[in-house]
file coords-v3.cif (mmCIF, C-alpha atoms and all ligand atoms)
data_my_file
loop_
_atom_site.group_PDB
_atom_site.id
_atom_site.type_symbol
_atom_site.label_atom_id
_atom_site.label_comp_id
_atom_site.auth_asym_id
_atom_site.auth_seq_id
_atom_site.Cartn_x
_atom_site.Cartn_y
_atom_site.Cartn_z
ATOM 1 C CA MET A 1 0.000 0.000 0.000
ATOM 2 C CA ASN A 2 1.257 3.440 -0.958
ATOM 3 C CA TYR A 3 0.378 5.716 1.910
ATOM 4 C CA LEU A 4 0.020 9.443 1.346
ATOM 5 C CA ASP A 5 3.452 10.782 2.049
ATOM 6 C CA GLU A 6 4.946 14.169 2.789
ATOM 7 C CA SER A 7 5.394 14.958 -0.908
ATOM 8 C CA TYR A 8 1.686 14.350 -1.578
ATOM 9 C CA TRP A 9 0.656 16.803 1.151
ATOM 10 C CA THR A 10 3.352 19.323 0.246
ATOM 11 C CA GLN A 11 2.058 19.310 -3.302
ATOM 12 C CA ARG A 12 -1.459 19.999 -2.037
ATOM 13 C CA TYR A 13 -0.144 23.037 -0.129
ATOM 14 C CA GLU A 14 1.872 24.193 -3.175
ATOM 15 C CA GLN A 15 -1.233 23.970 -5.359
ATOM 16 C CA GLY A 16 -3.427 25.642 -2.745
ATOM 17 C CA ALA A 17 -5.634 22.515 -2.878
ATOM 18 C CA THR A 18 -6.418 22.706 0.824
ATOM 19 C CA GLY A 19 -10.187 22.303 0.907
ATOM 20 C CA TRP A 20 -9.969 20.861 4.436
ATOM 21 C CA ASP A 21 -8.741 24.173 5.839
ATOM 22 C CA ILE A 22 -11.713 25.988 7.321
ATOM 23 C CA GLY A 23 -9.701 29.150 7.953
ATOM 24 C CA TYR A 24 -10.348 29.355 11.691
ATOM 25 C CA ALA A 25 -10.169 27.148 14.778
ATOM 26 C CA SER A 26 -12.938 24.559 14.638
ATOM 27 C CA THR A 27 -15.845 25.237 16.999
ATOM 28 C CA PRO A 28 -15.921 21.860 18.787
ATOM 29 C CA LEU A 29 -12.241 22.174 19.660
ATOM 30 C CA VAL A 30 -12.562 25.825 20.638
ATOM 31 C CA GLN A 31 -15.440 25.067 22.987
ATOM 32 C CA TYR A 32 -13.609 22.089 24.440
ATOM 33 C CA LEU A 33 -10.459 24.141 25.070
ATOM 34 C CA ASP A 34 -12.437 27.018 26.565
ATOM 35 C CA GLN A 35 -13.744 24.901 29.434
ATOM 36 C CA ILE A 36 -10.353 23.461 30.488
ATOM 37 C CA GLU A 37 -9.126 25.076 33.701
ATOM 38 C CA ASN A 38 -5.561 23.779 33.685
ATOM 39 C CA ARG A 39 -3.822 25.690 30.901
ATOM 40 C CA ASP A 40 -0.424 24.165 31.763
ATOM 41 C CA LEU A 41 -1.359 20.968 29.930
ATOM 42 C CA LYS A 42 1.089 19.839 27.288
ATOM 43 C CA VAL A 43 -0.940 19.774 24.081
ATOM 44 C CA LEU A 44 -0.087 18.206 20.708
ATOM 45 C CA ILE A 45 -1.913 18.949 17.465
ATOM 46 C CA PRO A 46 -0.703 16.371 14.929
ATOM 47 C CA GLY A 47 -1.303 16.888 11.208
ATOM 48 C CA GLY A 48 -2.224 20.377 12.314
ATOM 49 C CA GLY A 49 -1.613 22.042 8.937
ATOM 50 C CA ASN A 50 -2.096 25.799 9.021
ATOM 51 C CA GLY A 51 -2.527 25.590 12.767
ATOM 52 C CA HIS A 52 -5.720 27.521 13.501
ATOM 53 C CA GLU A 53 -6.368 25.405 16.610
ATOM 54 C CA ALA A 54 -2.741 25.781 17.731
ATOM 55 C CA ALA A 55 -2.923 29.571 17.427
ATOM 56 C CA TYR A 56 -6.197 29.586 19.362
ATOM 57 C CA ALA A 57 -4.904 27.326 22.142
ATOM 58 C CA PHE A 58 -1.731 29.374 22.528
ATOM 59 C CA GLU A 59 -3.618 32.657 22.609
ATOM 60 C CA LYS A 60 -5.896 31.258 25.310
ATOM 61 C CA GLY A 61 -2.952 30.464 27.560
ATOM 62 C CA PHE A 62 -1.988 26.933 26.584
ATOM 63 C CA GLN A 63 1.681 27.878 26.310
ATOM 64 C CA ASN A 64 2.740 24.228 26.024
ATOM 65 C CA THR A 65 1.032 23.716 22.694
ATOM 66 C CA PHE A 66 2.898 21.868 19.942
ATOM 67 C CA LEU A 67 1.909 21.953 16.276
ATOM 68 C CA LEU A 68 3.176 18.988 14.266
ATOM 69 C CA ASP A 69 3.067 18.476 10.524
ATOM 70 C CA PHE A 70 5.457 16.786 8.106
ATOM 71 C CA ALA A 71 4.682 19.387 5.438
ATOM 72 C CA LYS A 72 6.900 22.423 5.964
ATOM 73 C CA ILE A 73 4.853 24.968 4.009
ATOM 74 C CA PRO A 74 2.031 25.403 6.553
ATOM 75 C CA LEU A 75 4.463 25.566 9.472
ATOM 76 C CA THR A 76 6.524 28.313 7.817
ATOM 77 C CA LYS A 77 3.346 30.252 7.090
ATOM 78 C CA PHE A 78 2.146 29.729 10.657
ATOM 79 C CA SER A 79 5.444 30.925 12.092
ATOM 80 C CA LYS A 80 5.225 34.158 10.079
ATOM 81 C CA SER A 81 1.676 34.929 11.111
ATOM 82 C CA ASN A 82 2.153 33.836 14.741
ATOM 83 C CA PRO A 83 5.558 35.259 15.712
ATOM 84 C CA GLN A 84 4.740 34.898 19.417
ATOM 85 C CA PHE A 85 4.398 31.101 19.075
ATOM 86 C CA PRO A 86 7.731 29.474 20.046
ATOM 87 C CA ASP A 87 9.632 28.018 17.071
ATOM 88 C CA GLU A 88 10.623 25.015 19.178
ATOM 89 C CA ASN A 89 6.936 24.134 19.485
ATOM 90 C CA LEU A 90 6.643 23.802 15.705
ATOM 91 C CA LEU A 91 7.461 20.190 14.875
ATOM 92 C CA ASN A 92 8.224 19.512 11.229
ATOM 93 C CA GLU A 93 8.140 15.753 11.697
ATOM 94 C CA ASP A 94 6.325 12.599 10.756
ATOM 95 C CA PHE A 95 3.720 11.786 13.387
ATOM 96 C CA PHE A 96 4.693 8.121 13.278
ATOM 97 C CA THR A 97 8.307 8.805 14.250
ATOM 98 C CA HIS A 98 7.700 11.737 16.589
ATOM 99 C CA GLU A 99 8.762 11.232 20.188
ATOM 100 C CA GLY A 100 7.175 13.081 23.069
ATOM 101 C CA VAL A 101 4.639 12.751 25.857
ATOM 102 C CA TYR A 102 1.512 14.839 26.113
ATOM 103 C CA ASP A 103 -1.466 15.393 28.390
ATOM 104 C CA LEU A 104 -3.811 16.181 25.541
ATOM 105 C CA ILE A 105 -3.758 15.452 21.816
ATOM 106 C CA LEU A 106 -6.268 17.269 19.624
ATOM 107 C CA GLU A 107 -7.744 15.562 16.572
ATOM 108 C CA GLN A 108 -8.956 17.722 13.698
ATOM 109 C CA THR A 109 -8.915 16.148 10.203
ATOM 110 C CA PHE A 110 -5.698 14.225 10.777
ATOM 111 C CA PHE A 111 -7.182 10.747 11.334
ATOM 112 C CA CYS A 112 -9.259 11.113 8.144
ATOM 113 C CA ALA A 113 -6.151 12.121 6.188
ATOM 114 C CA LEU A 114 -4.539 8.751 6.871
ATOM 115 C CA HIS A 115 -5.336 5.641 4.866
ATOM 116 C CA PRO A 116 -7.701 3.368 6.860
ATOM 117 C CA ASP A 117 -4.971 0.705 6.886
ATOM 118 C CA GLN A 118 -2.990 3.073 9.116
ATOM 119 C CA ARG A 119 -5.643 3.348 11.810
ATOM 120 C CA GLU A 120 -4.180 0.675 14.067
ATOM 121 C CA ALA A 121 -0.766 2.303 13.732
ATOM 122 C CA TYR A 122 -2.353 5.672 14.590
ATOM 123 C CA CYS A 123 -3.709 4.189 17.818
ATOM 124 C CA GLU A 124 -0.450 2.472 18.709
ATOM 125 C CA LYS A 125 1.503 5.682 18.138
ATOM 126 C CA MET A 126 -1.019 7.808 20.025
ATOM 127 C CA LYS A 127 -0.673 5.481 22.984
ATOM 128 C CA THR A 128 3.084 6.090 23.156
ATOM 129 C CA LEU A 129 2.540 9.861 22.945
ATOM 130 C CA LEU A 130 0.045 10.083 25.793
ATOM 131 C CA LYS A 131 0.794 10.276 29.491
ATOM 132 C CA PRO A 132 -1.112 7.810 31.668
ATOM 133 C CA ASN A 133 -4.686 9.135 31.738
ATOM 134 C CA GLY A 134 -3.817 11.512 28.876
ATOM 135 C CA LYS A 135 -6.576 12.218 26.371
ATOM 136 C CA ILE A 136 -7.229 12.436 22.660
ATOM 137 C CA VAL A 137 -10.090 14.819 21.994
ATOM 138 C CA GLY A 138 -11.613 16.082 18.800
ATOM 139 C CA VAL A 139 -13.783 15.271 15.844
ATOM 140 C CA LEU A 140 -14.080 12.384 13.393
ATOM 141 C CA PHE A 141 -16.166 12.136 10.244
ATOM 142 C CA SER A 142 -19.218 9.955 10.783
ATOM 143 C CA ILE A 143 -19.939 9.527 7.076
ATOM 144 C CA GLU A 144 -18.355 7.626 4.206
ATOM 145 C CA PHE A 145 -17.224 9.742 1.254
ATOM 146 C CA GLU A 146 -18.158 8.767 -2.285
ATOM 147 C CA LYS A 147 -14.844 9.886 -3.718
ATOM 148 C CA GLN A 148 -11.591 8.092 -2.961
ATOM 149 C CA GLY A 149 -9.998 9.731 0.099
ATOM 150 C CA PRO A 150 -8.558 11.682 1.638
ATOM 151 C CA PRO A 151 -10.695 12.344 3.531
ATOM 152 C CA PHE A 152 -11.414 8.771 4.582
ATOM 153 C CA GLY A 153 -14.629 8.515 6.552
ATOM 154 C CA GLY A 154 -16.069 5.951 8.903
ATOM 155 C CA ASN A 155 -18.813 5.144 11.348
ATOM 156 C CA ILE A 156 -19.259 5.021 15.082
ATOM 157 C CA SER A 157 -19.308 1.248 15.443
ATOM 158 C CA ASP A 158 -16.027 0.777 13.546
ATOM 159 C CA TYR A 159 -14.430 3.568 15.560
ATOM 160 C CA GLU A 160 -15.617 2.057 18.848
ATOM 161 C CA LYS A 161 -14.251 -1.341 17.862
ATOM 162 C CA LEU A 162 -10.892 0.171 16.942
ATOM 163 C CA PHE A 163 -10.371 2.611 19.801
ATOM 164 C CA SER A 164 -11.639 0.356 22.586
ATOM 165 C CA LYS A 165 -8.641 -1.907 21.988
ATOM 166 C CA TYR A 166 -6.322 0.905 23.039
ATOM 167 C CA PHE A 167 -8.206 3.458 25.103
ATOM 168 C CA ASP A 168 -11.148 4.043 27.387
ATOM 169 C CA ILE A 169 -13.813 5.704 25.290
ATOM 170 C CA ILE A 170 -15.088 8.549 27.454
ATOM 171 C CA LYS A 171 -17.209 10.111 24.734
ATOM 172 C CA MET A 172 -18.170 9.292 21.163
ATOM 173 C CA GLU A 173 -21.346 11.001 20.022
ATOM 174 C CA PRO A 174 -22.832 13.100 17.233
ATOM 175 C CA CYS A 175 -21.146 16.483 17.368
ATOM 176 C CA TYR A 176 -23.661 19.195 18.296
ATOM 177 C CA ASN A 177 -21.421 22.169 17.556
ATOM 178 C CA SER A 178 -19.824 21.292 14.214
ATOM 179 C CA ILE A 179 -19.098 24.102 11.798
ATOM 180 C CA PRO A 180 -22.098 24.531 9.434
ATOM 181 C CA PRO A 181 -20.681 22.654 6.392
ATOM 182 C CA ARG A 182 -19.856 19.624 8.574
ATOM 183 C CA ARG A 183 -23.100 19.548 10.554
ATOM 184 C CA GLY A 184 -24.469 16.020 10.846
ATOM 185 C CA ALA A 185 -21.227 14.573 9.484
ATOM 186 C CA GLU A 186 -19.043 14.570 12.601
ATOM 187 C CA LEU A 187 -18.631 12.807 15.914
ATOM 188 C CA PHE A 188 -17.126 14.445 18.959
ATOM 189 C CA PHE A 189 -14.914 11.998 20.815
ATOM 190 C CA MET A 190 -12.713 11.744 23.852
ATOM 191 C CA LEU A 191 -10.374 8.807 24.491
ATOM 192 C CA GLN A 192 -8.350 8.282 27.637
ATOM 193 C CA ASN A 193 -5.104 6.380 27.878
ATOM 194 C CA GLN A 194 -5.346 3.510 30.331
HETATM 195 C C1 LIG B 201 -6.402 17.116 5.878
HETATM 196 S S1 LIG B 201 -5.010 18.000 6.423
HETATM 197 C C2 LIG B 201 -5.612 18.722 7.924
HETATM 198 C C3 LIG B 201 -4.816 19.899 8.429
HETATM 199 C C4 LIG B 201 -5.442 20.589 9.648
HETATM 200 N N1 LIG B 201 -5.660 19.648 10.724
HETATM 201 C C5 LIG B 201 -6.715 21.299 9.289
HETATM 202 O O1 LIG B 201 -7.798 20.865 9.725
HETATM 203 O O2 LIG B 201 -6.645 22.315 8.564
HETATM 204 C C6 LIG B 201 -3.956 16.711 7.013
HETATM 205 C C7 LIG B 201 -2.619 17.202 7.473
HETATM 206 O O3 LIG B 201 -1.911 16.108 8.038
HETATM 207 C C8 LIG B 201 -0.558 16.173 7.618
HETATM 208 N N2 LIG B 201 -0.042 14.804 7.715
HETATM 209 C C9 LIG B 201 -0.495 13.706 7.070
HETATM 210 N N3 LIG B 201 0.200 12.616 7.441
HETATM 211 C C10 LIG B 201 1.125 13.044 8.358
HETATM 212 C C11 LIG B 201 2.111 12.394 9.113
HETATM 213 N N4 LIG B 201 2.326 11.079 9.011
HETATM 214 N N5 LIG B 201 2.864 13.128 9.964
HETATM 215 C C12 LIG B 201 2.655 14.465 10.082
HETATM 216 N N6 LIG B 201 1.738 15.141 9.389
HETATM 217 C C13 LIG B 201 0.961 14.445 8.529
HETATM 218 C C14 LIG B 201 -0.610 16.764 6.221
HETATM 219 O O4 LIG B 201 0.600 17.346 5.832
HETATM 220 C C15 LIG B 201 -1.737 17.770 6.369
HETATM 221 O O5 LIG B 201 -1.260 19.030 6.772
#

call {"tool": "encode", "arguments": {"input": "coords-v3.cif", "output": "structure tokens"}}
result
Amino acid sequence: MNYLDESYWTQRYEQGATGWDIGYASTPLVQYLDQIENRDLKVLIPGGGNGHEAAYAFEKGFQNTFLLDFAKIPLTKFSKSNPQFPDENLLNEDFFTHEGVYDLILEQTFFCALHPDQREAYCEKMKTLLKPNGKIVGVLFSIEFEKQGPPFGGNISDYEKLFSKYFDIIKMEPCYNSIPPRRGAELFFMLQNQ
């Protein structure tokens, strides 16, 4: 299987073919971040692209926020438009080889960018990146797409089967505060490392 590599995604950024980028921090993640009291949490946003959620988290006091993407173009752009965000928190790395430990990992259109055959590997890697009791929180598509992905969709029962092998599923439910174009097509989920 040929997985979508860094050159595929870099090309998408070069061509401006970034239809996934909503241009602002996604509402479910914003509202989740807003209600967290402890802003010292170490937060990772993998496959974070242009980093709208990273900019939001940092601005709201999550100073230990890390934005990771193996495509350099969005990180360079992010760095220019967010000069206050520490360069050392911009990780131009492959998620699958990244090393680190986090309290919270935010999921926003990264899981759906990976080929479904990589989903087990995603879970295994996430497990190594989370502290005990650390959480993955975010949104997943709850629909299948007609066109060949990315994005690759899915459904709640497949997700539950997959994630329950690795994590406690704290929440997995239709997302009530999706952005308008994704309404009815997303799940909000929260997984906790055992
Ligand atoms: C669909 S885009 C989503 C970007 C961002 N989360 C957003 O919502 O705008 C997927 C992103 O994941 C990145 N990506 C895909 N596979 C990756 C990997 N193995 N390691 C790091 N980044 C990866 C791509 O470069 C791309 O920026």

call {"tool": "residues_around", "arguments": {"input": "coords-v3.cif", "residues": "A:Arg182", "least_positions_apart": "2", "cutoff": "12 Å", "atoms": "all atoms listed in the file", "output": "NGL selection string"}}
result
:A and (20 or 22 or 26-28 or 109 or 139-143 or 174-180 or 184-188)

call {"tool": "residues_near_ligand", "arguments": {"input": "coords-v3.cif", "ligand": "ligand LIG 201 (chain B)", "cutoff": "9 Å", "atoms": "only C-alpha atoms and all ligand atoms", "output": "PyMOL selection string"}}
result
chain A and resi 3-10+12-13+18-26+45-53+68-74+91-98+107-114+150-151

call {"tool": "closest_residue", "arguments": {"input": "coords-v3.cif", "among": "A:Glu124, A:Leu44, A:Ala55, A:Met172", "to": "A:Ser157", "atoms": "only C-alpha atoms"}}
result
A:Met172

call {"tool": "atom_distance", "arguments": {"input": "coords-v3.cif", "atom1": "atom CA of A:Ser81", "atom2": "atom CA of A:Val30"}}
result
19.4 Å

call {"tool": "resolve_selection", "arguments": {"input": "coords-v3.cif", "expression": "the PyMOL selection byres (((chain A and resi 154) around 8) and not hetatm)", "output": "ChimeraX atom specification"}}
result
/A:141-144,152-153,155-156,158-159

call {"tool": "build_atoms", "arguments": {"input": "coords-v3.cif", "residues": "stretch 14-35 of chain A", "atoms": "N, CA, C and O atoms", "output": "PDB file, in the coordinates of the input"}}
result
ATOM      1  N   GLU A  14       1.313  23.393  -2.068  1.00  0.00           N
ATOM      2  CA  GLU A  14       1.872  24.193  -3.175  1.00  0.00           C
ATOM      3  C   GLU A  14       0.783  24.609  -4.148  1.00  0.00           C
ATOM      4  O   GLU A  14       0.789  25.714  -4.680  1.00  0.00           O
ATOM      5  N   GLN A  15      -0.163  23.690  -4.391  1.00  0.00           N
ATOM      6  CA  GLN A  15      -1.233  23.970  -5.359  1.00  0.00           C
ATOM      7  C   GLN A  15      -2.384  24.753  -4.736  1.00  0.00           C
ATOM      8  O   GLN A  15      -3.329  25.114  -5.430  1.00  0.00           O
ATOM      9  N   GLY A  16      -2.319  24.968  -3.429  1.00  0.00           N
ATOM     10  CA  GLY A  16      -3.427  25.642  -2.745  1.00  0.00           C
ATOM     11  C   GLY A  16      -4.672  24.772  -2.725  1.00  0.00           C
ATOM     12  O   GLY A  16      -5.791  25.271  -2.567  1.00  0.00           O
ATOM     13  N   ALA A  17      -4.488  23.443  -2.872  1.00  0.00           N
ATOM     14  CA  ALA A  17      -5.634  22.515  -2.878  1.00  0.00           C
ATOM     15  C   ALA A  17      -5.876  22.033  -1.458  1.00  0.00           C
ATOM     16  O   ALA A  17      -5.653  20.874  -1.115  1.00  0.00           O
ATOM     17  N   THR A  18      -6.308  22.973  -0.623  1.00  0.00           N
ATOM     18  CA  THR A  18      -6.418  22.706   0.824  1.00  0.00           C
ATOM     19  C   THR A  18      -7.871  22.888   1.287  1.00  0.00           C
ATOM     20  O   THR A  18      -8.138  23.650   2.221  1.00  0.00           O
ATOM     21  N   GLY A  19      -8.758  22.163   0.612  1.00  0.00           N
ATOM     22  CA  GLY A  19     -10.187  22.303   0.907  1.00  0.00           C
ATOM     23  C   GLY A  19     -10.565  21.952   2.336  1.00  0.00           C
ATOM     24  O   GLY A  19     -11.620  22.335   2.815  1.00  0.00           O
ATOM     25  N   TRP A  20      -9.693  21.239   3.046  1.00  0.00           N
ATOM     26  CA  TRP A  20      -9.969  20.861   4.436  1.00  0.00           C
ATOM     27  C   TRP A  20      -9.825  22.040   5.393  1.00  0.00           C
ATOM     28  O   TRP A  20     -10.297  21.996   6.520  1.00  0.00           O
ATOM     29  N   ASP A  21      -9.099  23.076   4.936  1.00  0.00           N
ATOM     30  CA  ASP A  21      -8.741  24.173   5.839  1.00  0.00           C
ATOM     31  C   ASP A  21      -9.912  25.135   5.968  1.00  0.00           C
ATOM     32  O   ASP A  21     -10.270  25.821   5.007  1.00  0.00           O
ATOM     33  N   ILE A  22     -10.502  25.178   7.156  1.00  0.00           N
ATOM     34  CA  ILE A  22     -11.713  25.988   7.321  1.00  0.00           C
ATOM     35  C   ILE A  22     -11.388  27.461   7.596  1.00  0.00           C
ATOM     36  O   ILE A  22     -12.275  28.297   7.653  1.00  0.00           O
ATOM     37  N   GLY A  23     -10.113  27.752   7.818  1.00  0.00           N
ATOM     38  CA  GLY A  23      -9.701  29.150   7.953  1.00  0.00           C
ATOM     39  C   GLY A  23      -9.776  29.709   9.365  1.00  0.00           C
ATOM     40  O   GLY A  23      -9.424  30.867   9.595  1.00  0.00           O
ATOM     41  N   TYR A  24     -10.256  28.915  10.294  1.00  0.00           N
ATOM     42  CA  TYR A  24     -10.348  29.355  11.691  1.00  0.00           C
ATOM     43  C   TYR A  24     -10.364  28.103  12.565  1.00  0.00           C
ATOM     44  O   TYR A  24     -10.535  26.978  12.060  1.00  0.00           O
ATOM     45  N   ALA A  25     -10.180  28.299  13.862  1.00  0.00           N
ATOM     46  CA  ALA A  25     -10.169  27.148  14.778  1.00  0.00           C
ATOM     47  C   ALA A  25     -11.569  26.536  14.839  1.00  0.00           C
ATOM     48  O   ALA A  25     -12.562  27.248  14.982  1.00  0.00           O
ATOM     49  N   SER A  26     -11.629  25.213  14.743  1.00  0.00           N
ATOM     50  CA  SER A  26     -12.938  24.559  14.638  1.00  0.00           C
ATOM     51  C   SER A  26     -13.719  24.666  15.962  1.00  0.00           C
ATOM     52  O   SER A  26     -13.163  24.503  17.054  1.00  0.00           O
ATOM     53  N   THR A  27     -15.005  24.947  15.824  1.00  0.00           N
ATOM     54  CA  THR A  27     -15.845  25.237  16.999  1.00  0.00           C
ATOM     55  C   THR A  27     -15.818  24.142  18.079  1.00  0.00           C
ATOM     56  O   THR A  27     -15.706  24.465  19.267  1.00  0.00           O
ATOM     57  N   PRO A  28     -15.934  22.859  17.707  1.00  0.00           N
ATOM     58  CA  PRO A  28     -15.921  21.860  18.787  1.00  0.00           C
ATOM     59  C   PRO A  28     -14.626  21.890  19.599  1.00  0.00           C
ATOM     60  O   PRO A  28     -14.658  21.724  20.826  1.00  0.00           O
ATOM     61  N   LEU A  29     -13.511  22.140  18.927  1.00  0.00           N
ATOM     62  CA  LEU A  29     -12.241  22.174  19.660  1.00  0.00           C
ATOM     63  C   LEU A  29     -12.113  23.456  20.478  1.00  0.00           C
ATOM     64  O   LEU A  29     -11.638  23.444  21.615  1.00  0.00           O
ATOM     65  N   VAL A  30     -12.577  24.546  19.913  1.00  0.00           N
ATOM     66  CA  VAL A  30     -12.562  25.825  20.638  1.00  0.00           C
ATOM     67  C   VAL A  30     -13.378  25.695  21.929  1.00  0.00           C
ATOM     68  O   VAL A  30     -12.913  26.049  23.025  1.00  0.00           O
ATOM     69  N   GLN A  31     -14.577  25.146  21.797  1.00  0.00           N
ATOM     70  CA  GLN A  31     -15.440  25.067  22.987  1.00  0.00           C
ATOM     71  C   GLN A  31     -14.896  24.061  24.000  1.00  0.00           C
ATOM     72  O   GLN A  31     -15.055  24.241  25.202  1.00  0.00           O
ATOM     73  N   TYR A  32     -14.235  23.034  23.512  1.00  0.00           N
ATOM     74  CA  TYR A  32     -13.609  22.089  24.440  1.00  0.00           C
ATOM     75  C   TYR A  32     -12.449  22.772  25.187  1.00  0.00           C
ATOM     76  O   TYR A  32     -12.357  22.693  26.423  1.00  0.00           O
ATOM     77  N   LEU A  33     -11.610  23.472  24.438  1.00  0.00           N
ATOM     78  CA  LEU A  33     -10.459  24.141  25.070  1.00  0.00           C
ATOM     79  C   LEU A  33     -10.916  25.201  26.077  1.00  0.00           C
ATOM     80  O   LEU A  33     -10.335  25.338  27.157  1.00  0.00           O
ATOM     81  N   ASP A  34     -11.963  25.919  25.711  1.00  0.00           N
ATOM     82  CA  ASP A  34     -12.437  27.018  26.565  1.00  0.00           C
ATOM     83  C   ASP A  34     -12.790  26.561  27.976  1.00  0.00           C
ATOM     84  O   ASP A  34     -12.663  27.328  28.924  1.00  0.00           O
ATOM     85  N   GLN A  35     -13.273  25.309  28.108  1.00  0.00           N
ATOM     86  CA  GLN A  35     -13.744  24.901  29.434  1.00  0.00           C
ATOM     87  C   GLN A  35     -12.653  24.181  30.259  1.00  0.00           C
ATOM     88  O   GLN A  35     -12.920  23.751  31.371  1.00  0.00           O
TER      89      GLN A  35
END
